[in-house]
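Q: File name target.pdb; file contents PDB, C-alpha atoms; full text below.
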ATOM      1  CA  MET U   1       1.774 -28.783 119.695
ATOM      2  CA  ASN U   2       2.575 -27.735 116.154
ATOM      3  CA  SER U   3       1.418 -29.797 113.212
ATOM      4  CA  SER U   4       0.742 -29.104 109.577
ATOM      5  CA  LYS U   5      -2.171 -29.323 107.198
ATOM      6  CA  LYS U   6      -2.312 -29.622 103.442
ATOM      7  CA  ILE U   7      -3.661 -26.860 101.228
ATOM      8  CA  TYR U   8      -4.351 -27.429  97.543
ATOM      9  CA  VAL U   9      -2.614 -24.430  95.974
ATOM     10  CA  TRP U  10      -1.623 -25.138  92.368
ATOM     11  CA  GLU U  11      -4.413 -26.584  90.257
ATOM     12  CA  LEU U  12      -3.651 -29.056  87.477
ATOM     13  CA  PRO U  13      -3.991 -26.461  84.666
ATOM     14  CA  VAL U  14      -1.468 -24.204  86.439
ATOM     15  CA  ARG U  15       0.989 -27.056  86.877
ATOM     16  CA  PHE U  16       0.522 -28.139  83.256
ATOM     17  CA  TYR U  17       1.127 -24.572  82.093
ATOM     18  CA  HIS U  18       4.244 -24.263  84.260
ATOM     19  CA  TRP U  19       6.001 -27.393  82.989
ATOM     20  CA  LEU U  20       4.973 -26.908  79.367
ATOM     21  CA  ASN U  21       6.174 -23.319  79.569
ATOM     22  CA  ALA U  22       9.498 -24.435  81.042
ATOM     23  CA  LEU U  23       9.941 -26.970  78.226
ATOM     24  CA  CYS U  24       9.134 -24.344  75.592
ATOM     25  CA  ILE U  25      11.590 -21.843  77.078
ATOM     26  CA  VAL U  26      14.393 -24.424  77.059
ATOM     27  CA  ALA U  27      13.616 -25.304  73.424
ATOM     28  CA  LEU U  28      13.253 -21.669  72.349
ATOM     29  CA  ALA U  29      16.376 -20.422  74.133
ATOM     30  CA  SER U  30      18.622 -23.238  72.898
ATOM     31  CA  THR U  31      17.411 -23.149  69.303
ATOM     32  CA  GLY U  32      17.254 -19.360  69.334
ATOM     33  CA  TYR U  33      20.894 -19.161  70.369
ATOM     34  CA  LEU U  34      21.856 -21.489  67.511
ATOM     35  CA  ILE U  35      19.817 -19.430  65.058
ATOM     36  CA  GLY U  36      21.490 -16.217  66.224
ATOM     37  CA  SER U  37      25.010 -17.721  66.294
ATOM     38  CA  PRO U  38      25.005 -20.769  64.008
ATOM     39  CA  PRO U  39      28.120 -22.947  64.304
ATOM     40  CA  ALA U  40      30.109 -23.871  61.222
ATOM     41  CA  VAL U  41      29.351 -27.552  60.751
ATOM     42  CA  GLN U  42      31.613 -29.170  58.188
ATOM     43  CA  SER U  43      30.479 -32.378  56.582
ATOM     44  CA  GLY U  44      31.536 -34.452  53.613
ATOM     45  CA  SER U  45      28.025 -35.706  52.945
ATOM     46  CA  GLU U  46      25.694 -34.494  50.229
ATOM     47  CA  ALA U  47      24.238 -31.058  50.985
ATOM     48  CA  SER U  48      20.688 -32.390  50.680
ATOM     49  CA  PHE U  49      21.355 -34.603  53.726
ATOM     50  CA  GLY U  50      22.571 -31.703  55.869
ATOM     51  CA  TYR U  51      19.324 -30.070  56.871
ATOM     52  CA  TRP U  52      20.132 -29.749  60.574
ATOM     53  CA  PHE U  53      19.674 -25.960  60.639
ATOM     54  CA  GLY U  54      16.230 -26.313  59.090
ATOM     55  CA  ILE U  55      15.338 -28.754  61.874
ATOM     56  CA  VAL U  56      16.572 -26.253  64.463
ATOM     57  CA  ARG U  57      14.381 -23.545  62.968
ATOM     58  CA  PHE U  58      11.408 -25.913  62.769
ATOM     59  CA  ILE U  59      11.737 -26.783  66.468
ATOM     60  CA  HIS U  60      11.971 -23.071  67.291
ATOM     61  CA  PHE U  61       8.835 -22.212  65.321
ATOM     62  CA  VAL U  62       6.779 -25.106  66.737
ATOM     63  CA  ALA U  63       7.864 -24.267  70.289
ATOM     64  CA  ALA U  64       6.931 -20.625  69.648
ATOM     65  CA  PHE U  65       3.355 -21.521  68.678
ATOM     66  CA  VAL U  66       2.980 -23.830  71.696
ATOM     67  CA  PHE U  67       4.483 -21.160  73.952
ATOM     68  CA  PHE U  68       2.098 -18.485  72.663
ATOM     69  CA  PHE U  69      -1.099 -20.493  73.048
ATOM     70  CA  ASN U  70       0.025 -21.818  76.423
ATOM     71  CA  PHE U  71       0.509 -18.194  77.483
ATOM     72  CA  LEU U  72      -2.991 -17.268  76.281
ATOM     73  CA  PHE U  73      -4.373 -20.174  78.280
ATOM     74  CA  ARG U  74      -2.621 -18.898  81.430
ATOM     75  CA  ILE U  75      -4.189 -15.471  80.941
ATOM     76  CA  TYR U  76      -7.591 -17.153  80.696
ATOM     77  CA  TRP U  77      -6.922 -19.220  83.821
ATOM     78  CA  GLY U  78      -6.050 -16.027  85.670
ATOM     79  CA  PHE U  79      -9.768 -15.201  85.543
ATOM     80  CA  VAL U  80     -11.292 -18.627  86.217
ATOM     81  CA  GLY U  81      -8.725 -20.360  88.447
ATOM     82  CA  ASN U  82      -8.575 -20.485  92.228
ATOM     83  CA  LYS U  83      -7.445 -17.545  94.347
ATOM     84  CA  PHE U  84      -3.774 -18.511  94.069
ATOM     85  CA  ALA U  85      -3.847 -18.418  90.262
ATOM     86  CA  ARG U  86      -5.925 -15.291  89.650
ATOM     87  CA  TRP U  87      -4.611 -12.095  88.054
ATOM     88  CA  ASP U  88      -4.691 -10.075  91.288
ATOM     89  CA  GLN U  89      -1.870 -12.260  92.614
ATOM     90  CA  PHE U  90       0.461 -10.655  90.063
ATOM     91  CA  ILE U  91      -0.403  -6.946  90.191
ATOM     92  CA  PRO U  92       0.430  -5.051  93.421
ATOM     93  CA  TYR U  93      -2.514  -2.676  93.483
ATOM     94  CA  LYS U  94      -3.077  -2.558  97.239
ATOM     95  CA  PRO U  95      -0.878  -1.027  99.983
ATOM     96  CA  HIS U  96      -0.318  -4.362 101.729
ATOM     97  CA  HIS U  97       1.144  -5.752  98.473
ATOM     98  CA  TRP U  98       3.901  -3.128  98.522
ATOM     99  CA  LYS U  99       4.475  -3.699 102.222
ATOM    100  CA  GLU U 100       4.941  -7.389 101.492
ATOM    101  CA  ILE U 101       7.340  -6.577  98.626
ATOM    102  CA  LEU U 102       9.519  -4.574 101.013
ATOM    103  CA  HIS U 103       9.363  -7.412 103.519
ATOM    104  CA  VAL U 104      10.518  -9.962 100.935
ATOM    105  CA  LEU U 105      13.367  -7.688  99.818
ATOM    106  CA  CYS U 106      14.386  -7.266 103.439
ATOM    107  CA  LEU U 107      14.178 -11.018 104.094
ATOM    108  CA  ASP U 108      15.424 -12.673 100.895
ATOM    109  CA  ILE U 109      17.711 -10.084  99.309
ATOM    110  CA  LEU U 110      19.160  -7.989 102.131
ATOM    111  CA  GLN U 111      18.660 -10.767 104.732
ATOM    112  CA  ILE U 112      18.319  -8.272 107.572
ATOM    113  CA  CYS U 113      14.779  -9.249 108.635
ATOM    114  CA  LYS U 114      14.261 -12.160 110.970
ATOM    115  CA  LYS U 115      10.494 -12.494 110.819
ATOM    116  CA  PRO U 116       9.648 -15.042 108.077
ATOM    117  CA  LEU U 117       6.948 -14.378 105.509
ATOM    118  CA  LYS U 118       4.329 -17.121 105.566
ATOM    119  CA  SER U 119       2.786 -16.813 102.131
ATOM    120  CA  ILE U 120       0.853 -19.729 100.653
ATOM    121  CA  GLY U 121       0.795 -18.882  96.963
ATOM    122  CA  HIS U 122       3.040 -16.274  95.372
ATOM    123  CA  ASN U 123       4.314 -13.521  97.621
ATOM    124  CA  SER U 124       3.819 -10.006  96.226
ATOM    125  CA  LEU U 125       7.382  -9.631  94.952
ATOM    126  CA  ALA U 126       7.216 -12.987  93.162
ATOM    127  CA  GLY U 127       3.850 -12.023  91.688
ATOM    128  CA  LEU U 128       5.222  -8.705  90.418
ATOM    129  CA  THR U 129       8.247 -10.493  88.957
ATOM    130  CA  TYR U 130       5.992 -12.959  87.138
ATOM    131  CA  PHE U 131       3.883 -10.085  85.821
ATOM    132  CA  ILE U 132       7.024  -8.502  84.338
ATOM    133  CA  THR U 133       7.888 -11.911  82.924
ATOM    134  CA  PHE U 134       4.441 -12.100  81.300
ATOM    135  CA  LEU U 135       5.151  -8.759  79.595
ATOM    136  CA  VAL U 136       8.421 -10.174  78.259
ATOM    137  CA  PHE U 137       6.493 -13.269  77.103
ATOM    138  CA  LEU U 138       4.231 -10.946  75.128
ATOM    139  CA  PHE U 139       7.165  -8.983  73.717
ATOM    140  CA  GLN U 140       8.940 -12.145  72.575
ATOM    141  CA  SER U 141       5.771 -13.475  70.980
ATOM    142  CA  ILE U 142       5.059 -10.251  69.103
ATOM    143  CA  THR U 143       8.623  -9.755  67.856
ATOM    144  CA  GLY U 144       9.032 -13.438  67.002
ATOM    145  CA  PHE U 145       5.844 -13.626  64.974
ATOM    146  CA  GLY U 146       6.689 -10.253  63.427
ATOM    147  CA  MET U 147       9.929 -11.664  62.021
ATOM    148  CA  TYR U 148       8.248 -14.914  61.027
ATOM    149  CA  ALA U 149       5.594 -13.005  59.047
ATOM    150  CA  ALA U 150       8.172 -12.229  56.334
ATOM    151  CA  MET U 151       8.429 -15.934  55.471
ATOM    152  CA  SER U 152       4.887 -17.103  56.191
ATOM    153  CA  ASP U 153       1.413 -16.608  54.785
ATOM    154  CA  SER U 154      -0.214 -17.838  58.014
ATOM    155  CA  PHE U 155      -2.830 -15.650  59.623
ATOM    156  CA  LEU U 156      -1.318 -15.470  63.127
ATOM    157  CA  PRO U 157       2.227 -14.305  62.244
ATOM    158  CA  ASN U 158       0.907 -11.707  59.829
ATOM    159  CA  LEU U 159      -1.120 -10.137  62.615
ATOM    160  CA  PHE U 160       2.211  -8.895  63.967
ATOM    161  CA  ALA U 161       3.907  -7.894  60.713
ATOM    162  CA  TRP U 162       3.625  -4.241  61.775
ATOM    163  CA  ILE U 163       6.174  -4.671  64.581
ATOM    164  CA  VAL U 164       9.200  -4.866  62.251
ATOM    165  CA  PRO U 165       8.783  -1.424  60.606
ATOM    166  CA  LEU U 166       7.679   0.039  63.945
ATOM    167  CA  MET U 167      10.910  -1.023  65.672
ATOM    168  CA  GLY U 168      13.188   0.098  62.849
ATOM    169  CA  GLY U 169      13.632  -2.964  60.717
ATOM    170  CA  ASP U 170      14.406  -6.642  60.900
ATOM    171  CA  PHE U 171      17.897  -6.245  62.375
ATOM    172  CA  ALA U 172      16.688  -4.175  65.325
ATOM    173  CA  VAL U 173      13.864  -6.629  66.070
ATOM    174  CA  ARG U 174      16.276  -9.568  65.964
ATOM    175  CA  GLN U 175      18.637  -7.815  68.371
ATOM    176  CA  TRP U 176      15.900  -7.073  70.892
ATOM    177  CA  HIS U 177      14.493 -10.578  70.525
ATOM    178  CA  HIS U 178      17.945 -12.011  71.217
ATOM    179  CA  VAL U 179      18.580  -9.753  74.229
ATOM    180  CA  MET U 180      15.301 -10.784  75.824
ATOM    181  CA  MET U 181      16.305 -14.422  75.422
ATOM    182  CA  TRP U 182      19.002 -13.760  78.023
ATOM    183  CA  PHE U 183      16.327 -12.376  80.334
ATOM    184  CA  PHE U 184      14.786 -15.856  80.361
ATOM    185  CA  VAL U 185      18.153 -17.491  81.019
ATOM    186  CA  ILE U 186      18.872 -15.236  84.011
ATOM    187  CA  PHE U 187      15.296 -15.471  85.283
ATOM    188  CA  SER U 188      15.390 -19.281  85.134
ATOM    189  CA  LEU U 189      18.603 -19.454  87.156
ATOM    190  CA  VAL U 190      17.275 -17.107  89.832
ATOM    191  CA  HIS U 191      13.879 -18.833  89.845
ATOM    192  CA  VAL U 192      15.349 -22.301  90.412
ATOM    193  CA  TYR U 193      17.639 -21.009  93.171
ATOM    194  CA  LEU U 194      14.793 -19.266  95.025
ATOM    195  CA  VAL U 195      12.517 -22.306  94.739
ATOM    196  CA  PHE U 196      15.119 -24.490  96.449
ATOM    197  CA  TYR U 197      15.871 -21.717  98.956
ATOM    198  CA  HIS U 198      12.248 -21.304 100.017
ATOM    199  CA  ASP U 199      11.697 -25.048 100.046
ATOM    200  CA  TYR U 200      14.557 -25.369 102.540
ATOM    201  CA  ILE U 201      13.698 -22.307 104.663
ATOM    202  CA  GLU U 202       9.905 -22.561 104.797
ATOM    203  CA  GLU U 203       9.620 -26.370 104.672
ATOM    204  CA  ARG U 204       6.244 -26.141 102.950
ATOM    205  CA  GLY U 205       6.857 -28.390  99.981
ATOM    206  CA  THR U 206       7.500 -25.619  97.483
ATOM    207  CA  ILE U 207       9.204 -27.929  95.003
ATOM    208  CA  SER U 208       6.779 -30.837  95.273
ATOM    209  CA  SER U 209       3.779 -28.486  95.109
ATOM    210  CA  MET U 210       4.382 -27.898  91.415
ATOM    211  CA  ALA U 211       4.097 -31.652  90.893
ATOM    212  CA  GLY U 212       1.168 -32.525  93.138
ATOM    213  CA  GLY U 213      -0.368 -29.110  93.834
ATOM    214  CA  TRP U 214      -0.279 -29.345  97.641
ATOM    215  CA  LYS U 215       1.559 -27.166 100.146
ATOM    216  CA  PHE U 216       1.839 -27.577 103.897
ATOM    217  CA  ILE U 217       1.202 -24.911 106.498
ATOM    218  CA  GLU U 218       1.574 -25.013 110.240
ATOM    219  CA  LYS U 219      -1.402 -25.198 112.548
ATOM    220  CA  ASN U 220      -1.531 -25.032 116.321
ATOM    221  CA  LYS U 221      -3.227 -27.588 118.475
TER     222      LYS U 221
END
Can you dump the structure from the file as structure tokens?
A:
Amino acid sequence: MNSSKKIYVWELPVRFYHWLNALCIVALASTGYLIGSPPAVQSGSEASFGYWFGIVRFIHFVAAFVFFFNFLFRIYWGFVGNKFARWDQFIPYKPHHWKEILHVLCLDILQICKKPLKSIGHNSLAGLTYFITFLVFLFQSITGFGMYAAMSDSFLPNLFAWIVPLMGGDFAVRQWHHVMMWFFVIFSLVHVYLVFYHDYIEERGTISSMAGGWKFIEKNK
């Protein structure tokens, strides 16, 4: 007879990172879009009362700092967390990782494989995707702080002041920073779809696991 058992997969720090990161991305993408394409807001009030764009920029900058330090914390937890959170879950450095990537492509993308993949944490393709996402996180942080350095005397932004001349000036950095914002938008849509898809197909509590940390696997009696 088949039954299931609970496995504690996502520790509290991982879940905290995930939801805080999601909140930051929503704030950064929405305010970043407004900063890149500000709407013409007409108002008959005194100009000193119309500081909405300054508020948008303030939210963007605060979210950027939270995003950056949350990202640094996740890197740290990749060395001290449980086996599902560690760095080797994101880098396919063994042959079986690449075999699993091909299996996931065959199963989820091409849908020509019938044998399901029973992974508990991240499968190898998801891990590789998140690793690429981490690189984009780093790129956005560096370019964002690089642009912010021109208007700030703070220590952290000025660490990245070199990125603007390296990439050919402020305009080029802004363009790349804006393009990568759309990477997050597309990634978020695909991520949410696949979470619901795997929750339905595998029936392991994929969605609820990022709230409580537990997943369910089958066991034979």
Q: Report as a ChimeraX atom specification the full result of the PyMOL selection byres ((chain U and resi 28) around 12) when it is applied to this structure.
A: /U:21-27,29-36,56-68,137,140-141,144,177-178,180-182,184-185
Q: On this structure, which residues satisfy the PyMOL selection byres ((chain U and resi 104-110) around 10), written as an mmCIF file with C-alpha atoms, in the frame of the given file?
A:
data_model
loop_
_atom_site.group_PDB
_atom_site.id
_atom_site.type_symbol
_atom_site.label_atom_id
_atom_site.label_comp_id
_atom_site.auth_asym_id
_atom_site.auth_seq_id
_atom_site.Cartn_x
_atom_site.Cartn_y
_atom_site.Cartn_z
ATOM 1 C CA TRP U 98 3.901 -3.128 98.522
ATOM 2 C CA LYS U 99 4.475 -3.699 102.222
ATOM 3 C CA GLU U 100 4.941 -7.389 101.492
ATOM 4 C CA ILE U 101 7.340 -6.577 98.626
ATOM 5 C CA LEU U 102 9.519 -4.574 101.013
ATOM 6 C CA HIS U 103 9.363 -7.412 103.519
ATOM 7 C CA GLN U 111 18.660 -10.767 104.732
ATOM 8 C CA ILE U 112 18.319 -8.272 107.572
ATOM 9 C CA CYS U 113 14.779 -9.249 108.635
ATOM 10 C CA LYS U 114 14.261 -12.160 110.970
ATOM 11 C CA LYS U 115 10.494 -12.494 110.819
ATOM 12 C CA PRO U 116 9.648 -15.042 108.077
ATOM 13 C CA LEU U 117 6.948 -14.378 105.509
ATOM 14 C CA ASN U 123 4.314 -13.521 97.621
ATOM 15 C CA SER U 124 3.819 -10.006 96.226
ATOM 16 C CA LEU U 125 7.382 -9.631 94.952
ATOM 17 C CA ALA U 126 7.216 -12.987 93.162
ATOM 18 C CA LEU U 194 14.793 -19.266 95.025
ATOM 19 C CA TYR U 197 15.871 -21.717 98.956
ATOM 20 C CA HIS U 198 12.248 -21.304 100.017
#
Q: Of the candidates U:Leu20, U:Leu138, U:Leu128, U:Val14, which shows the shortest atom-to-atom distance to Val80 in chain U, using all atoms listed in the file?
A: U:Val14
Q: Distance CA of Leu156 in chain U-CA of Asn70 in chain U, one decimal place?
A: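 Between CA of Leu156 in chain U and CA of Asn70 in chain U the gap works out to 14.8 Å.
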Q: How many Å separate CA of Arg174 in chain U from CA of Pro157 in chain U?
A: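 Going from CA of Arg174 in chain U over to CA of Pro157 in chain U, I get 15.3 Å.
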Q: What does the distance from CA of Gly146 in chain U to CA of Phe131 in chain U come to in Å, to one decimal?
A: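 Those two atoms sit 22.6 Å apart.
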Q: So that I can check the surroundings of range 147-154 of chain U, please list as a PyMOL selection string every protein, DNA and RNA residue that reaches within 10 Å of it, counting only C-alpha atoms and ignoring chain neighbours fewer than 5 positions away.
A: chain U and resi 61+142+159-164+169-171+173-174+177
Q: Per residue of range 3-42 of chain U within 12 Å of range 86-96 of chain U, what are the shortest atom pair and its distance in Å to one decimal, counting only C-alpha atoms, with rows by chain and residue number, as a tab-separated table?
A:
residue	atom	partner	partner_atom	distance
U:Val9	CA	U:Arg86	CA	11.6
U:Trp10	CA	U:Arg86	CA	11.1
U:Glu11	CA	U:Arg86	CA	11.4
U:Val14	CA	U:Arg86	CA	10.5
Q: Take every atom of range 161-174 of chain U listed in the file, pad by 5 Å on each side, and give me the axis-aligned box centre and edge lengths in Å, one decimal, as lines of an AutoDock Vina configuration file.
A:
center_x = 10.8
center_y = -4.7
center_z = 63.3
size_x = 24.3
size_y = 19.7
size_z = 15.5
Q: Measuring atom to atom with all atoms listed in the file, identify which of U:Ile132, U:Phe187, U:Ser119, U:Trp19 is nearest to Ile7 in chain U.
A: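 Using all atoms listed in the file, Ile7 in chain U sits closest to U:Ser119.
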